[in-house]
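K.L.:
Right, I'll just put the structure down here and ask away after.
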Amino acid sequence: MKKKSKNTQLVWYLFLLPSFLGLALFMAYPVMESFRLSFFRSNGTIEKWAGIDNYIYVFKNAGFWQAVRNTFYIGFFQLLISIPLGFIIASIINQMKWFKNFFKVIFFIPYVTSIVAAAMVFLYVLHPDMGLLNTLLSSLGLPTSTWLADSTTARWGVIILSVWHQLGFIIIISLANLQAIPNDIYESSSIDGANRFKQWWFITIPNMTGTFAFFVVMGWIGALKRFSETYILGGLQGSPGRSLYTIVGFIYERGFGGNEFGVASAAAYILFAIILIFTIFNLKISKMNKAN
């Protein structure tokens, strides 16, 4: 009987083996190889030991710090707009008696749309001559703009795109957590004379702090890894004036644009450290808020 049990377990491990091999080959190995390359000057074929020179070079590089500023600028305003807006929309949908599922689908469709496809659509929307946005502004008698030719408006174009793309995710998660708040709390507050706004302000929002912390952490991780939309809208250089040049764009440009794989690997691990520190900081802040 024991032998049969061991054979069954062996079969299970054999079924799991392809997945483990895939993880080792396509995830674990690239991570370790990238870490090793960060200590070498490498163009993909020739390597020379560099120690921590690649890390020093990245920290001293003005382009890297410009990429950091752009990444944080776009990420900060995206979260500042998308989290409150998504929560407010979710609160409105949660109060509806009809068409709840319809609005869930409408708002969630952009999230499941490829960010590359969404960015291509926004290229047309923000086009200075034939773009939908300028056409709409012109029809309303408002001034138009060459959105992707100006540093400020180009960044805000990416922010609007990111808010539109991520809003559905925030709404759906917010709705799930709103529906998890016990109705007894609302009923008790109604007896005490609280109106809907007071219930929303003093009951709903405090019960959503954990969800907000989740949105902030996941939002910053996604923001720090931003690349596809800025690359499509601004190209490899992050035009105009490198206003769309992000940290991942810096890594991509150094690695695949300049064949400086050691520098690119060092920048990738600096990005990893930034994400790790930011995540720990946000989690500690959220725990402090829960404790209070």
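In the structure tokens, each chain is lettered A, B, ... as it comes, each chain's residues begin at 1, and ligands are numbered from 1 in order of appearance.
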Tell me which protein, DNA and RNA residues are within 9 Å of region 162-170 of chain A, counting only C-alpha atoms, leaving out same-chain ones fewer than 3 positions away, and put them as a PyMOL selection string.

P.N.:
chain A and resi 74-75+78-79+81-83+85-87+90+104-113+115+118+157-159+173-175+215+219+229

K.L.:
Include N, CA, C and O atoms and write out the residues we just selected as a short mmCIF file (atom, residue, chain, number, x, y, z; two decimals), in the first residue's frame.

P.N.:
```cif
data_model
loop_
_atom_site.label_atom_id
_atom_site.label_comp_id
_atom_site.auth_asym_id
_atom_site.auth_seq_id
_atom_site.Cartn_x
_atom_site.Cartn_y
_atom_site.Cartn_z
N ILE A 74 4.16 60.72 -13.34
CA ILE A 74 3.01 60.07 -14.00
C ILE A 74 2.29 59.15 -13.02
O ILE A 74 1.06 59.15 -12.93
N GLY A 75 3.06 58.37 -12.25
CA GLY A 75 2.46 57.43 -11.30
C GLY A 75 1.68 58.14 -10.21
O GLY A 75 0.57 57.71 -9.85
N GLN A 78 -1.58 59.64 -11.65
CA GLN A 78 -2.48 58.56 -12.04
C GLN A 78 -3.22 58.01 -10.83
O GLN A 78 -4.45 57.85 -10.84
N LEU A 79 -2.49 57.71 -9.75
CA LEU A 79 -3.11 57.17 -8.54
C LEU A 79 -3.98 58.22 -7.85
O LEU A 79 -5.04 57.88 -7.31
N ILE A 81 -5.76 60.44 -9.15
CA ILE A 81 -7.03 60.57 -9.87
C ILE A 81 -7.82 59.26 -9.85
O ILE A 81 -9.01 59.23 -9.54
N SER A 82 -7.15 58.15 -10.18
CA SER A 82 -7.86 56.89 -10.43
C SER A 82 -8.46 56.26 -9.17
O SER A 82 -9.58 55.74 -9.21
N ILE A 83 -7.75 56.32 -8.03
CA ILE A 83 -8.27 55.67 -6.82
C ILE A 83 -9.53 56.37 -6.29
O ILE A 83 -10.56 55.71 -6.10
N LEU A 85 -11.55 58.44 -7.92
CA LEU A 85 -12.57 58.39 -8.97
C LEU A 85 -13.19 57.00 -9.06
O LEU A 85 -14.42 56.85 -9.13
N GLY A 86 -12.34 55.96 -9.04
CA GLY A 86 -12.83 54.59 -9.09
C GLY A 86 -13.70 54.24 -7.90
O GLY A 86 -14.74 53.58 -8.04
N PHE A 87 -13.30 54.70 -6.72
CA PHE A 87 -14.07 54.42 -5.49
C PHE A 87 -15.42 55.13 -5.53
O PHE A 87 -16.45 54.55 -5.15
N ALA A 90 -17.63 53.32 -7.97
CA ALA A 90 -18.04 52.04 -7.36
C ALA A 90 -19.13 52.26 -6.32
O ALA A 90 -20.08 51.47 -6.23
N LYS A 104 -20.67 47.53 -14.65
CA LYS A 104 -19.44 46.80 -14.32
C LYS A 104 -18.70 46.41 -15.60
O LYS A 104 -17.48 46.58 -15.70
N VAL A 105 -19.44 45.88 -16.55
CA VAL A 105 -18.84 45.45 -17.82
C VAL A 105 -18.27 46.64 -18.59
O VAL A 105 -17.15 46.59 -19.09
N ILE A 106 -19.05 47.73 -18.66
CA ILE A 106 -18.64 48.93 -19.41
C ILE A 106 -17.32 49.47 -18.87
O ILE A 106 -16.40 49.81 -19.63
N PHE A 107 -17.21 49.55 -17.55
CA PHE A 107 -15.99 50.11 -16.95
C PHE A 107 -14.83 49.12 -16.96
O PHE A 107 -13.67 49.54 -16.92
N PHE A 108 -15.13 47.81 -17.00
CA PHE A 108 -14.06 46.81 -16.93
C PHE A 108 -13.46 46.50 -18.29
O PHE A 108 -12.33 46.00 -18.35
N ILE A 109 -14.17 46.80 -19.35
CA ILE A 109 -13.68 46.49 -20.71
C ILE A 109 -12.30 47.10 -20.98
O ILE A 109 -11.40 46.42 -21.50
N PRO A 110 -12.06 48.39 -20.66
CA PRO A 110 -10.72 48.95 -20.93
C PRO A 110 -9.60 48.21 -20.21
O PRO A 110 -8.48 48.11 -20.75
N TYR A 111 -9.88 47.68 -19.01
CA TYR A 111 -8.83 46.99 -18.24
C TYR A 111 -8.37 45.71 -18.93
O TYR A 111 -7.19 45.37 -18.86
N VAL A 112 -9.29 45.00 -19.56
CA VAL A 112 -8.92 43.75 -20.24
C VAL A 112 -8.42 44.01 -21.66
O VAL A 112 -8.02 43.08 -22.36
N THR A 113 -8.47 45.27 -22.09
CA THR A 113 -7.91 45.64 -23.39
C THR A 113 -6.40 45.75 -23.28
O THR A 113 -5.87 46.25 -22.29
N ILE A 115 -2.82 47.09 -23.30
CA ILE A 115 -2.33 48.47 -23.14
C ILE A 115 -1.71 48.97 -24.43
O ILE A 115 -1.75 50.17 -24.73
N ALA A 118 -4.63 50.04 -26.53
CA ALA A 118 -5.18 51.27 -25.96
C ALA A 118 -4.29 52.47 -26.30
O ALA A 118 -4.80 53.54 -26.63
N GLY A 157 -1.25 63.16 -21.16
CA GLY A 157 -1.86 62.20 -22.08
C GLY A 157 -1.67 60.78 -21.58
O GLY A 157 -2.60 59.96 -21.60
N VAL A 158 -0.46 60.47 -21.11
CA VAL A 158 -0.18 59.14 -20.55
C VAL A 158 -0.98 58.93 -19.26
O VAL A 158 -1.50 57.83 -19.01
N ILE A 159 -1.09 59.97 -18.44
CA ILE A 159 -1.86 59.87 -17.19
C ILE A 159 -3.32 59.55 -17.48
O ILE A 159 -3.91 58.65 -16.87
N ILE A 173 -12.81 45.86 -7.75
CA ILE A 173 -12.29 45.49 -6.43
C ILE A 173 -13.00 46.30 -5.34
O ILE A 173 -13.35 45.76 -4.27
N SER A 174 -13.26 47.58 -5.59
CA SER A 174 -13.96 48.42 -4.63
C SER A 174 -15.38 47.90 -4.39
O SER A 174 -15.86 47.84 -3.25
N LEU A 175 -16.05 47.51 -5.48
CA LEU A 175 -17.40 46.97 -5.36
C LEU A 175 -17.43 45.71 -4.51
O LEU A 175 -18.31 45.54 -3.65
N PHE A 215 -4.59 49.25 -3.36
CA PHE A 215 -4.54 50.01 -4.62
C PHE A 215 -3.25 50.82 -4.73
O PHE A 215 -2.65 50.90 -5.81
N GLY A 219 -0.69 49.89 -7.40
CA GLY A 219 -0.60 50.98 -8.37
C GLY A 219 0.82 51.47 -8.55
O GLY A 219 1.26 51.72 -9.68
N GLU A 229 3.05 52.01 -22.83
CA GLU A 229 2.32 53.18 -23.33
C GLU A 229 3.25 54.35 -23.61
O GLU A 229 3.06 55.08 -24.59
#
```

K.L.:
DSSP on the backbone, then: every residue of region 8-98 of chain A marked strand (DSSP E), written as a list in words.

P.N.:
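Strand (DSSP E) members of region 8-98 of chain A, listed: Phe40, Arg41, Ser42, Glu47, Lys48 and Trp49 of chain A.
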
K.L.:
Could you take the residues named above and write them with all heavy atoms, as a short mmCIF file (atom, residue, chain, number, x, y, z; two decimals), in the first residue's frame?

P.N.:
```cif
data_model
loop_
_atom_site.label_atom_id
_atom_site.label_comp_id
_atom_site.auth_asym_id
_atom_site.auth_seq_id
_atom_site.Cartn_x
_atom_site.Cartn_y
_atom_site.Cartn_z
N PHE A 40 29.21 43.28 -14.50
CA PHE A 40 30.11 43.17 -15.65
C PHE A 40 29.78 44.25 -16.67
O PHE A 40 28.64 44.70 -16.78
CB PHE A 40 29.95 41.79 -16.32
CG PHE A 40 30.54 40.66 -15.56
CD1 PHE A 40 29.82 40.04 -14.55
CD2 PHE A 40 31.82 40.20 -15.83
CE1 PHE A 40 30.36 38.99 -13.84
CE2 PHE A 40 32.37 39.14 -15.13
CZ PHE A 40 31.64 38.53 -14.12
N ARG A 41 30.80 44.67 -17.42
CA ARG A 41 30.57 45.45 -18.63
C ARG A 41 30.34 44.44 -19.74
O ARG A 41 31.22 43.65 -20.06
CB ARG A 41 31.78 46.33 -18.95
CG ARG A 41 31.93 47.52 -18.03
CD ARG A 41 32.94 48.52 -18.58
NE ARG A 41 33.13 49.64 -17.65
CZ ARG A 41 34.06 49.67 -16.71
NH1 ARG A 41 34.90 48.64 -16.58
NH2 ARG A 41 34.17 50.70 -15.89
N SER A 42 29.15 44.46 -20.32
CA SER A 42 28.80 43.43 -21.30
C SER A 42 28.02 44.03 -22.46
O SER A 42 27.13 44.87 -22.27
CB SER A 42 27.96 42.34 -20.63
OG SER A 42 27.46 41.43 -21.58
N GLU A 47 32.46 40.22 -22.11
CA GLU A 47 32.22 40.64 -20.73
C GLU A 47 33.54 41.00 -20.04
O GLU A 47 34.57 40.40 -20.31
CB GLU A 47 31.53 39.53 -19.94
CG GLU A 47 30.13 39.21 -20.42
CD GLU A 47 29.48 38.11 -19.59
OE1 GLU A 47 30.14 37.63 -18.65
OE2 GLU A 47 28.33 37.74 -19.88
N LYS A 48 33.48 42.00 -19.18
CA LYS A 48 34.62 42.41 -18.38
C LYS A 48 34.14 42.80 -17.00
O LYS A 48 33.17 43.54 -16.86
CB LYS A 48 35.35 43.59 -19.05
CG LYS A 48 36.61 44.01 -18.33
CD LYS A 48 37.28 45.18 -19.04
CE LYS A 48 38.54 45.62 -18.29
NZ LYS A 48 39.17 46.80 -18.95
N TRP A 49 34.83 42.29 -15.98
CA TRP A 49 34.43 42.56 -14.60
C TRP A 49 34.42 44.06 -14.33
O TRP A 49 35.36 44.78 -14.66
CB TRP A 49 35.37 41.84 -13.64
CG TRP A 49 35.13 42.20 -12.18
CD1 TRP A 49 35.87 43.01 -11.41
CD2 TRP A 49 34.05 41.72 -11.37
NE1 TRP A 49 35.34 43.09 -10.14
CE2 TRP A 49 34.21 42.30 -10.08
CE3 TRP A 49 32.97 40.88 -11.59
CZ2 TRP A 49 33.34 42.04 -9.04
CZ3 TRP A 49 32.10 40.62 -10.54
CH2 TRP A 49 32.29 41.21 -9.28
#
```

K.L.:
For CA of Met32 (chain A) and CA of Pro18 (chain A), determine how far apart the two atoms are, in Å to one decimal place.

P.N.:
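So the two atoms, CA of Met32 (chain A) and CA of Pro18 (chain A), lie 20.1 Å apart.
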
K.L.:
Please run DSSP on the backbone and report, as a VMD selection string, all residues within region 86-211 of chain A that come out as alpha helix (DSSP H).

P.N.:
chain A and resid 86 to 95 100 to 112 115 to 125 132 to 139 151 to 178 183 to 191 196 to 199 205 to 207 209 to 211

K.L.:
Find the residues near Gly222 (chain A): any atom within 10 Å, counting only C-alpha atoms, skip ones fewer than 5 places away on the same chain, and give them as a list of chain:residue names.

P.N.:
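Contacts, with the query itself left out: A:Gly75, A:Val216, A:Val217, A:Phe227, A:Ile275.
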
K.L.:
Write out the residues from the selection above, keeping all heavy atoms, as a PDB file, in the first residue's frame.

P.N.:
```pdb
ATOM      1  N   GLY A  75       3.057  58.367 -12.254  1.00  0.00           N
ATOM      2  CA  GLY A  75       2.458  57.435 -11.304  1.00  0.00           C
ATOM      3  C   GLY A  75       1.675  58.139 -10.211  1.00  0.00           C
ATOM      4  O   GLY A  75       0.567  57.708  -9.854  1.00  0.00           O
ATOM      5  N   VAL A 216      -2.829  51.428  -3.621  1.00  0.00           N
ATOM      6  CA  VAL A 216      -1.616  52.248  -3.634  1.00  0.00           C
ATOM      7  C   VAL A 216      -0.388  51.391  -3.910  1.00  0.00           C
ATOM      8  O   VAL A 216       0.452  51.722  -4.753  1.00  0.00           O
ATOM      9  CB  VAL A 216      -1.460  53.018  -2.304  1.00  0.00           C
ATOM     10  CG1 VAL A 216      -0.083  53.677  -2.226  1.00  0.00           C
ATOM     11  CG2 VAL A 216      -2.548  54.074  -2.161  1.00  0.00           C
ATOM     12  N   VAL A 217      -0.287  50.250  -3.200  1.00  0.00           N
ATOM     13  CA  VAL A 217       0.868  49.365  -3.374  1.00  0.00           C
ATOM     14  C   VAL A 217       0.919  48.820  -4.794  1.00  0.00           C
ATOM     15  O   VAL A 217       1.946  48.914  -5.485  1.00  0.00           O
ATOM     16  CB  VAL A 217       0.837  48.215  -2.350  1.00  0.00           C
ATOM     17  CG1 VAL A 217       1.917  47.183  -2.672  1.00  0.00           C
ATOM     18  CG2 VAL A 217       1.039  48.751  -0.939  1.00  0.00           C
ATOM     19  N   PHE A 227       6.056  51.167 -19.159  1.00  0.00           N
ATOM     20  CA  PHE A 227       6.911  51.226 -20.351  1.00  0.00           C
ATOM     21  C   PHE A 227       6.117  51.243 -21.652  1.00  0.00           C
ATOM     22  O   PHE A 227       6.324  52.119 -22.485  1.00  0.00           O
ATOM     23  CB  PHE A 227       7.877  50.047 -20.382  1.00  0.00           C
ATOM     24  CG  PHE A 227       8.689  49.957 -21.653  1.00  0.00           C
ATOM     25  CD1 PHE A 227       9.635  50.930 -21.960  1.00  0.00           C
ATOM     26  CD2 PHE A 227       8.478  48.931 -22.556  1.00  0.00           C
ATOM     27  CE1 PHE A 227      10.364  50.874 -23.137  1.00  0.00           C
ATOM     28  CE2 PHE A 227       9.205  48.863 -23.734  1.00  0.00           C
ATOM     29  CZ  PHE A 227      10.163  49.832 -24.025  1.00  0.00           C
ATOM     30  N   ILE A 275      11.117  49.475  -5.845  1.00  0.00           N
ATOM     31  CA  ILE A 275       9.794  48.858  -5.686  1.00  0.00           C
ATOM     32  C   ILE A 275       9.672  48.188  -4.324  1.00  0.00           C
ATOM     33  O   ILE A 275       8.652  48.322  -3.637  1.00  0.00           O
ATOM     34  CB  ILE A 275       9.523  47.845  -6.816  1.00  0.00           C
ATOM     35  CG1 ILE A 275       9.369  48.573  -8.155  1.00  0.00           C
ATOM     36  CG2 ILE A 275       8.275  47.016  -6.527  1.00  0.00           C
ATOM     37  CD1 ILE A 275       9.270  47.648  -9.348  1.00  0.00           C
TER      38      ILE A 275
END
```

K.L.:
One number please: CA of Arg226 (chain A) to CA of Tyr245 (chain A), in Å, one decimal.

P.N.:
9.8 Å

K.L.:
From the list A:Leu148, A:Ile270, A:Leu136, A:Pro206, which residue is nearest Ser239 (chain A) when using only C-alpha atoms?

P.N.:
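Ranked by minimum distance to Ser239 (chain A), first place goes to A:Leu148.
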
K.L.:
Which residues are close to Leu244 (chain A), i.e. within 6 Å by only C-alpha atoms, leaving aside same-chain residues fewer than 6 positions away? Reply as a tab-separated table (two decimals) with N, CA and C atoms, in the first residue's frame.

P.N.:
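Output contents, as saved in result-v8.tsv:
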```tsv
chain	number	residue	atom	x	y	z
A	230	THR	N	4.27	54.56	-22.76
A	230	THR	CA	5.20	55.66	-23.00
A	230	THR	C	6.07	55.39	-24.23
A	234	GLY	N	5.82	57.96	-27.07
A	234	GLY	CA	7.01	58.80	-27.11
A	234	GLY	C	8.23	58.20	-27.75
A	238	GLY	N	11.54	58.70	-25.46
A	238	GLY	CA	10.54	59.29	-24.56
A	238	GLY	C	10.19	60.71	-24.95
```

K.L.:
Could you give me, as a list in words, the residues within 7 Å of region 57-60 of chain A, counting only C-alpha atoms and dropping anything in the same chain fewer than 4 positions from it?

P.N.:
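Selected residues are Asp53, Phe64, Val263 and Ala267 of chain A.
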
K.L.:
When you count only C-alpha atoms, which of these residues is closest to Trp147 (chain A): A:Met208, A:Leu233, A:Ile88, A:Ile185?

P.N.:
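Looking only at the distances to Trp147 (chain A), the closest residue turns out to be A:Leu233.
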
K.L.:
Have a look at CA of Glu33 (chain A) and CA of Phe15 (chain A) and let me know their distance in Å, one decimal.

P.N.:
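Between these atoms lies a distance of 27.2 Å.
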
K.L.:
Between A:Pro240, A:Ser265, A:Trp220, A:Leu161, which is the closest to Met120 (chain A) once you count only C-alpha atoms?

P.N.:
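Closest residue, counting only C-alpha atoms: A:Leu161.
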